[in-house]
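One file, run_19.txt, carrying compact mmCIF, C-alpha atoms:
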```txt
# COMPACT_ATOMS: atom_id res chain seq x y z
CA MET Q 1 7.12 7.62 9.26
CA PHE Q 2 4.56 4.81 9.46
CA GLY Q 3 2.77 3.38 12.48
CA LYS Q 4 3.00 -0.05 14.02
CA ARG Q 5 3.91 -3.04 11.91
CA LYS Q 6 1.32 -5.75 11.29
CA GLN Q 7 1.46 -9.40 10.34
CA PRO Q 8 -0.89 -10.62 7.60
CA GLY Q 9 -4.19 -11.47 9.28
CA ASP Q 10 -4.82 -15.08 8.23
CA LYS Q 11 -2.64 -17.72 9.92
CA SER Q 12 -2.32 -19.60 6.61
CA ASP Q 13 -0.67 -16.45 5.17
CA HIS Q 14 2.33 -17.03 7.43
CA VAL Q 15 3.57 -20.00 5.41
CA LEU Q 16 3.16 -18.57 1.91
CA PRO Q 17 6.46 -17.81 0.16
CA GLN Q 18 7.15 -14.49 -1.56
CA ASP Q 19 5.71 -14.38 -5.08
CA PRO Q 20 8.50 -14.39 -7.72
CA ASP Q 21 6.80 -11.41 -9.43
CA SER Q 22 7.06 -9.27 -6.28
CA ARG Q 23 9.55 -6.40 -6.57
CA THR Q 24 10.57 -3.05 -5.15
CA LEU Q 25 8.58 -0.24 -6.76
CA THR Q 26 10.49 2.08 -9.12
CA THR Q 27 9.39 4.85 -11.47
CA ALA Q 28 10.10 2.46 -14.37
CA GLU Q 29 7.14 0.25 -13.35
CA VAL Q 30 4.71 -0.32 -16.22
CA THR Q 31 1.12 0.86 -16.36
CA GLY Q 32 -1.27 -1.32 -14.40
CA ASP Q 33 -2.93 -2.13 -11.10
CA TYR Q 34 -0.83 -3.40 -8.20
CA VAL Q 35 -1.05 -4.47 -4.59
CA TYR Q 36 1.68 -3.02 -2.39
CA VAL Q 37 3.21 -3.58 1.03
CA VAL Q 38 5.66 -1.24 2.76
CA ASP Q 39 8.37 -3.26 4.53
CA GLU Q 40 10.17 -2.42 7.78
CA GLN Q 41 12.86 -0.49 5.86
CA ASP Q 42 10.17 1.79 4.30
CA GLU Q 43 10.63 0.13 0.90
CA VAL Q 44 7.47 -0.17 -1.19
CA HIS Q 45 7.06 -3.62 -2.75
CA VAL Q 46 4.49 -4.32 -5.47
CA LEU Q 47 2.88 -7.26 -7.19
CA PRO Q 48 0.51 -7.06 -10.16
CA GLN Q 49 -3.08 -7.00 -8.85
CA ARG Q 50 -4.59 -10.37 -7.99
CA ASN Q 51 -6.91 -11.84 -5.36
CA HIS Q 52 -5.26 -12.40 -1.99
CA GLY Q 53 -1.95 -10.96 -3.22
CA HIS Q 54 -0.89 -8.99 -0.14
CA PRO Q 55 0.45 -11.96 1.89
CA VAL Q 56 2.85 -12.96 -0.91
CA VAL Q 57 4.25 -9.50 -1.67
CA LEU Q 58 6.77 -10.00 1.15
CA GLY Q 59 5.89 -13.64 1.88
CA SER Q 60 6.53 -15.92 4.85
CA GLY Q 61 4.22 -13.93 7.12
CA LEU Q 62 6.61 -10.97 7.19
CA PRO Q 63 5.08 -7.85 8.73
CA GLY Q 64 4.29 -4.69 6.82
CA LEU Q 65 4.08 -1.06 7.86
CA TYR Q 66 1.28 -0.29 5.40
CA ALA Q 67 -0.50 -2.03 2.53
CA GLY Q 68 -3.11 -1.42 -0.14
CA GLU Q 69 -3.53 -0.99 -3.86
CA LEU Q 70 -2.19 1.49 -6.38
CA SER Q 71 -2.65 2.15 -10.07
CA ILE Q 72 0.08 3.39 -12.36
CA ASP Q 73 -1.30 5.46 -15.23
CA LEU Q 74 2.06 6.12 -16.88
CA PRO Q 75 5.57 5.25 -15.75
CA GLY Q 76 6.26 7.61 -12.85
CA SER Q 77 2.62 8.59 -12.40
CA ILE Q 78 0.29 7.01 -9.84
CA GLY Q 79 -3.38 7.73 -10.50
CA GLU Q 80 -4.72 6.37 -7.20
CA VAL Q 81 -3.35 4.82 -4.05
CA ASN Q 82 -5.43 3.36 -1.23
CA ASN Q 83 -5.27 1.26 1.95
CA LEU Q 84 -7.51 -1.57 0.70
CA SER Q 85 -6.09 -4.85 2.01
CA GLY Q 86 -8.05 -7.63 3.61
CA SER Q 87 -4.85 -9.23 4.90
CA PHE Q 88 -3.40 -6.23 6.72
CA ARG Q 89 -6.34 -3.83 7.30
CA PHE Q 90 -4.38 -0.71 8.17
CA ARG Q 91 -6.52 2.09 9.61
CA SER Q 92 -4.22 5.10 9.70
CA LYS Q 93 -5.03 8.03 7.44
CA ARG Q 94 -1.76 9.63 8.50
CA SER Q 95 0.20 6.60 7.26
CA LEU Q 96 -1.54 6.77 3.88
CA CYS Q 97 -0.34 10.38 3.65
CA CYS Q 98 3.16 9.23 4.67
CA LEU Q 99 3.04 6.69 1.86
CA ALA Q 100 2.09 9.40 -0.64
CA GLU Q 101 5.08 11.45 0.50
CA ARG Q 102 7.37 8.40 0.25
CA LEU Q 103 6.15 7.83 -3.33
CA ARG Q 104 6.90 11.47 -4.18
CA VAL Q 105 10.41 11.11 -2.76
CA LEU Q 106 10.84 8.08 -5.03
CA GLY Q 107 9.99 10.32 -8.00
CA PHE Q 108 6.30 9.60 -8.57
CA ARG Q 109 3.52 12.05 -9.30
CA VAL Q 110 0.70 10.97 -7.00
CA GLY Q 111 -2.98 11.49 -7.84
CA GLU Q 112 -5.86 10.60 -5.54
CA LEU Q 113 -5.53 9.07 -2.11
CA VAL Q 114 -8.53 6.96 -1.15
CA TRP Q 115 -8.97 5.74 2.42
CA TYR Q 116 -11.20 2.73 3.12
CA PRO Q 117 -12.46 1.99 6.64
CA PRO Q 118 -10.96 -1.44 7.37
CA ASP Q 119 -14.24 -2.77 8.74
CA GLY Q 120 -16.31 -1.59 5.77
CA SER Q 121 -18.51 0.54 8.04
CA SER Q 122 -18.69 3.49 5.68
CA ARG Q 123 -17.90 4.51 2.15
CA PRO Q 124 -14.33 5.21 1.05
CA ALA Q 125 -13.16 8.80 1.39
CA ARG Q 126 -10.85 10.93 -0.74
CA LEU Q 127 -8.04 11.93 1.58
CA SER Q 128 -6.47 15.35 1.93
CA CYS Q 129 -3.05 15.37 3.58
CA ASP Q 130 -2.37 18.57 5.47
CA PRO Q 131 -0.34 18.00 8.65
CA MET Q 132 -1.41 21.41 9.98
CA ARG Q 133 -5.14 20.75 9.53
CA GLY Q 134 -5.24 17.02 10.01
CA TYR Q 135 -6.01 14.22 7.60
CA SER Q 136 -9.52 14.31 6.24
```

Would you mind writing the file out in structure tokens?
Amino acid sequence: MFGKRKQPGDKSDHVLPQDPDSRTLTTAEVTGDYVYVVDEQDEVHVLPQRNHGHPVVLGSGLPGLYAGELSIDLPGSIGEVNNLSGSFRFRSKRSLCCLAERLRVLGFRVGELVWYPPDGSSRPARLSCDPMRGYS
């Protein structure tokens, strides 16, 4: 489903424990902004939005399959999901589309997908996920 796993980028991230507020995402999650990391079992873990939160979503330098931010407008409804993570810097548009599908399987309505170039070389792009036409 997702591409290659990645470790958090900063060596100091490898010793940080998992944040006690980190949890597996469910449709009962309250409205708010979150950072997320997909683990090696395709589970989506979230933590309320904060600076440098990605390394402690799983903690201990554990690898992720994808990471970014998402906003929950109402329980069961995600307004936006993106790949913005300075710790992981995933590039794959296809994997962002895979994440959207995984969220739908979990029971979420998914709004906009926004893809950020990990190097900041261009503006973010709204992503359209059509496996037959590509990911643009």

Residues at most 9 Å from range 68-75 of chain Q, counting all atoms listed in the file, excluding those fewer than 3 positions away in the same chain, as an mmCIF file with C-alpha atoms, keeping the file's coordinate frame?
```
data_model
loop_
_atom_site.group_PDB
_atom_site.id
_atom_site.type_symbol
_atom_site.label_atom_id
_atom_site.label_comp_id
_atom_site.auth_asym_id
_atom_site.auth_seq_id
_atom_site.Cartn_x
_atom_site.Cartn_y
_atom_site.Cartn_z
ATOM 1 C CA THR Q 26 10.490 2.080 -9.120
ATOM 2 C CA THR Q 27 9.390 4.850 -11.470
ATOM 3 C CA ALA Q 28 10.100 2.460 -14.370
ATOM 4 C CA GLU Q 29 7.140 0.250 -13.350
ATOM 5 C CA VAL Q 30 4.710 -0.320 -16.220
ATOM 6 C CA THR Q 31 1.120 0.860 -16.360
ATOM 7 C CA GLY Q 32 -1.270 -1.320 -14.400
ATOM 8 C CA ASP Q 33 -2.930 -2.130 -11.100
ATOM 9 C CA TYR Q 34 -0.830 -3.400 -8.200
ATOM 10 C CA VAL Q 35 -1.050 -4.470 -4.590
ATOM 11 C CA TYR Q 36 1.680 -3.020 -2.390
ATOM 12 C CA VAL Q 37 3.210 -3.580 1.030
ATOM 13 C CA VAL Q 46 4.490 -4.320 -5.470
ATOM 14 C CA GLN Q 49 -3.080 -7.000 -8.850
ATOM 15 C CA HIS Q 54 -0.890 -8.990 -0.140
ATOM 16 C CA ILE Q 78 0.290 7.010 -9.840
ATOM 17 C CA GLY Q 79 -3.380 7.730 -10.500
ATOM 18 C CA GLU Q 80 -4.720 6.370 -7.200
ATOM 19 C CA VAL Q 81 -3.350 4.820 -4.050
ATOM 20 C CA ASN Q 82 -5.430 3.360 -1.230
ATOM 21 C CA ASN Q 83 -5.270 1.260 1.950
ATOM 22 C CA LEU Q 84 -7.510 -1.570 0.700
ATOM 23 C CA SER Q 85 -6.090 -4.850 2.010
ATOM 24 C CA GLY Q 86 -8.050 -7.630 3.610
ATOM 25 C CA PHE Q 88 -3.400 -6.230 6.720
ATOM 26 C CA ARG Q 89 -6.340 -3.830 7.300
ATOM 27 C CA PHE Q 90 -4.380 -0.710 8.170
ATOM 28 C CA PHE Q 108 6.300 9.600 -8.570
#
```

Quiz item: Residues at most 12 Å from range 4-8 of chain Q, counting all atoms listed in the file, excluding those fewer than 3 positions away in the same chain, as a ChimeraX atom specification?
Solution: /Q:1,11-16,37-42,52-67,85-92,95

Let me see the file: selected residues, C-alpha atoms, as a JSON list (two decimals), in the coordinates of the input.
```
[["chain", "number", "residue", "atom", "x", "y", "z"],
["Q", 1, "MET", "CA", 7.12, 7.62, 9.26],
["Q", 11, "LYS", "CA", -2.64, -17.72, 9.92],
["Q", 12, "SER", "CA", -2.32, -19.60, 6.61],
["Q", 13, "ASP", "CA", -0.67, -16.45, 5.17],
["Q", 14, "HIS", "CA", 2.33, -17.03, 7.43],
["Q", 15, "VAL", "CA", 3.57, -20.00, 5.41],
["Q", 16, "LEU", "CA", 3.16, -18.57, 1.91],
["Q", 37, "VAL", "CA", 3.21, -3.58, 1.03],
["Q", 38, "VAL", "CA", 5.66, -1.24, 2.76],
["Q", 39, "ASP", "CA", 8.37, -3.26, 4.53],
["Q", 40, "GLU", "CA", 10.17, -2.42, 7.78],
["Q", 41, "GLN", "CA", 12.86, -0.49, 5.86],
["Q", 42, "ASP", "CA", 10.17, 1.79, 4.30],
["Q", 52, "HIS", "CA", -5.26, -12.40, -1.99],
["Q", 53, "GLY", "CA", -1.95, -10.96, -3.22],
["Q", 54, "HIS", "CA", -0.89, -8.99, -0.14],
["Q", 55, "PRO", "CA", 0.45, -11.96, 1.89],
["Q", 56, "VAL", "CA", 2.85, -12.96, -0.91],
["Q", 57, "VAL", "CA", 4.25, -9.50, -1.67],
["Q", 58, "LEU", "CA", 6.77, -10.00, 1.15],
["Q", 59, "GLY", "CA", 5.89, -13.64, 1.88],
["Q", 60, "SER", "CA", 6.53, -15.92, 4.85],
["Q", 61, "GLY", "CA", 4.22, -13.93, 7.12],
["Q", 62, "LEU", "CA", 6.61, -10.97, 7.19],
["Q", 63, "PRO", "CA", 5.08, -7.85, 8.73],
["Q", 64, "GLY", "CA", 4.29, -4.69, 6.82],
["Q", 65, "LEU", "CA", 4.08, -1.06, 7.86],
["Q", 66, "TYR", "CA", 1.28, -0.29, 5.40],
["Q", 67, "ALA", "CA", -0.50, -2.03, 2.53],
["Q", 85, "SER", "CA", -6.09, -4.85, 2.01],
["Q", 86, "GLY", "CA", -8.05, -7.63, 3.61],
["Q", 87, "SER", "CA", -4.85, -9.23, 4.90],
["Q", 88, "PHE", "CA", -3.40, -6.23, 6.72],
["Q", 89, "ARG", "CA", -6.34, -3.83, 7.30],
["Q", 90, "PHE", "CA", -4.38, -0.71, 8.17],
["Q", 91, "ARG", "CA", -6.52, 2.09, 9.61],
["Q", 92, "SER", "CA", -4.22, 5.10, 9.70],
["Q", 95, "SER", "CA", 0.20, 6.60, 7.26]]
```

Practice problem: Give me, please, the distance in Å between CA of Arg102 in chain Q and CA of Pro117 in chain Q, quoted to one decimal. | Solution: 21.8 Å

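Rounded to one decimal, CA of Glu101 in chain Q and CA of Val114 in chain Q lie 14.4 Å from each other.
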
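The smallest atom-to-atom distance between Tyr116 in chain Q and any of Q:Gln18, Q:Ala100, Q:Asp130, Q:Lys93, using only C-alpha atoms, is found for Q:Lys93.
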
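Note that CA of Arg23 in chain Q and CA of Leu103 in chain Q are 15.0 Å apart.
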
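Among the candidates Q:Phe2, Q:Asp19, Q:Ser122, Q:Gly107, the one nearest to Arg50 in chain Q when counting only C-alpha atoms is Q:Asp19.
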
Exercise. Find the residues near Arg126 in chain Q: any atom within 7 Å, counting only C-alpha atoms, skip ones fewer than 6 places away on the same chain, and give them as JSON, numbers by chain.
Key: {"Q": [112, 113, 114, 115]}

File output, range 20-121 of chain Q (C-alpha atoms) as a CSV table (one decimal), in the first residue's frame:
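Output below, filename result_28.csv:
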```csv
chain,number,residue,atom,x,y,z
Q,20,PRO,CA,1.4,9.6,26.1
Q,21,ASP,CA,-1.2,11.5,24.1
Q,22,SER,CA,-0.4,9.5,20.9
Q,23,ARG,CA,-3.1,7.1,19.8
Q,24,THR,CA,-4.5,5.1,16.9
Q,25,LEU,CA,-6.9,7.2,14.9
Q,26,THR,CA,-10.6,6.3,15.1
Q,27,THR,CA,-13.8,8.0,13.8
Q,28,ALA,CA,-14.5,9.1,17.4
Q,29,GLU,CA,-11.5,11.5,17.4
Q,30,VAL,CA,-12.5,15.0,18.3
Q,31,THR,CA,-12.4,18.0,16.1
Q,32,GLY,CA,-8.9,19.5,15.8
Q,33,ASP,CA,-5.6,19.6,14.1
Q,34,TYR,CA,-3.3,16.5,14.3
Q,35,VAL,CA,0.1,15.2,13.2
Q,36,TYR,CA,0.0,11.6,12.0
Q,37,VAL,CA,2.3,8.7,11.3
Q,38,VAL,CA,1.4,5.5,9.5
Q,39,ASP,CA,3.2,2.5,11.2
Q,40,GLU,CA,4.5,-0.7,9.6
Q,41,GLN,CA,1.1,-2.4,10.2
Q,42,ASP,CA,-0.7,0.4,8.2
Q,43,GLU,CA,-2.2,1.8,11.4
Q,44,VAL,CA,-2.6,5.6,11.5
Q,45,HIS,CA,-1.5,7.1,14.8
Q,46,VAL,CA,-2.2,10.7,15.7
Q,47,LEU,CA,-1.1,13.3,18.2
Q,48,PRO,CA,-2.7,16.8,18.7
Q,49,GLN,CA,-0.8,19.3,16.5
Q,50,ARG,CA,2.4,20.7,18.1
Q,51,ASN,CA,5.9,21.7,16.9
Q,52,HIS,CA,8.2,18.7,16.2
Q,53,GLY,CA,5.4,16.2,17.1
Q,54,HIS,CA,6.1,13.6,14.4
Q,55,PRO,CA,9.1,11.9,16.1
Q,56,VAL,CA,7.0,11.2,19.3
Q,57,VAL,CA,3.9,9.9,17.6
Q,58,LEU,CA,5.5,6.4,17.5
Q,59,GLY,CA,8.6,7.3,19.5
Q,60,SER,CA,12.0,5.7,20.0
Q,61,GLY,CA,13.0,6.4,16.4
Q,62,LEU,CA,10.5,3.9,15.0
Q,63,PRO,CA,10.0,4.1,11.3
Q,64,GLY,CA,6.9,5.2,9.5
Q,65,LEU,CA,5.4,4.5,6.1
Q,66,TYR,CA,3.9,8.0,5.7
Q,67,ALA,CA,3.5,11.1,7.9
Q,68,GLY,CA,1.9,14.5,7.8
Q,69,GLU,CA,-0.9,16.6,9.2
Q,70,LEU,CA,-4.7,16.2,9.2
Q,71,SER,CA,-7.6,18.3,10.4
Q,72,ILE,CA,-10.8,16.8,11.7
Q,73,ASP,CA,-13.8,19.0,11.1
Q,74,LEU,CA,-16.4,16.8,12.7
Q,75,PRO,CA,-16.0,13.3,14.2
Q,76,GLY,CA,-15.6,11.0,11.2
Q,77,SER,CA,-14.9,13.9,8.8
Q,78,ILE,CA,-11.4,14.9,7.7
Q,79,GLY,CA,-11.3,18.4,6.1
Q,80,GLU,CA,-7.7,18.2,4.9
Q,81,VAL,CA,-4.8,15.7,5.0
Q,82,ASN,CA,-1.2,16.4,3.8
Q,83,ASN,CA,2.3,15.1,3.8
Q,84,LEU,CA,3.9,18.0,5.7
Q,85,SER,CA,6.5,16.6,8.1
Q,86,GLY,CA,10.0,17.9,8.6
Q,87,SER,CA,11.0,14.7,10.4
Q,88,PHE,CA,10.0,12.2,7.7
Q,89,ARG,CA,9.7,14.2,4.5
Q,90,PHE,CA,7.8,11.7,2.4
Q,91,ARG,CA,7.6,12.5,-1.3
Q,92,SER,CA,5.1,10.1,-2.7
Q,93,LYS,CA,1.9,11.4,-4.1
Q,94,ARG,CA,0.7,7.9,-4.6
Q,95,SER,CA,1.2,7.1,-0.9
Q,96,LEU,CA,-0.9,10.2,0.1
Q,97,CYS,CA,-3.7,8.8,-2.1
Q,98,CYS,CA,-3.2,5.4,-0.4
Q,99,LEU,CA,-3.6,7.1,3.0
Q,100,ALA,CA,-6.8,8.8,1.8
Q,101,GLU,CA,-8.1,5.3,0.8
Q,102,ARG,CA,-7.0,3.9,4.2
Q,103,LEU,CA,-8.9,6.7,6.0
Q,104,ARG,CA,-12.0,5.9,4.0
Q,105,VAL,CA,-11.8,2.2,4.9
Q,106,LEU,CA,-11.6,3.3,8.5
Q,107,GLY,CA,-14.9,5.1,8.0
Q,108,PHE,CA,-13.8,8.7,7.4
Q,109,ARG,CA,-15.1,11.2,4.9
Q,110,VAL,CA,-12.0,12.7,3.4
Q,111,GLY,CA,-11.9,16.3,2.0
Q,112,GLU,CA,-8.8,17.8,0.4
Q,113,LEU,CA,-5.5,16.2,-0.1
Q,114,VAL,CA,-2.6,18.6,-0.2
Q,115,TRP,CA,0.9,17.5,-1.3
Q,116,TYR,CA,3.9,19.5,-0.2
Q,117,PRO,CA,7.3,19.1,-2.0
Q,118,PRO,CA,9.5,17.9,0.8
Q,119,ASP,CA,12.3,20.3,-0.2
Q,120,GLY,CA,10.0,23.4,-0.3
Q,121,SER,CA,10.9,24.0,-4.0
```
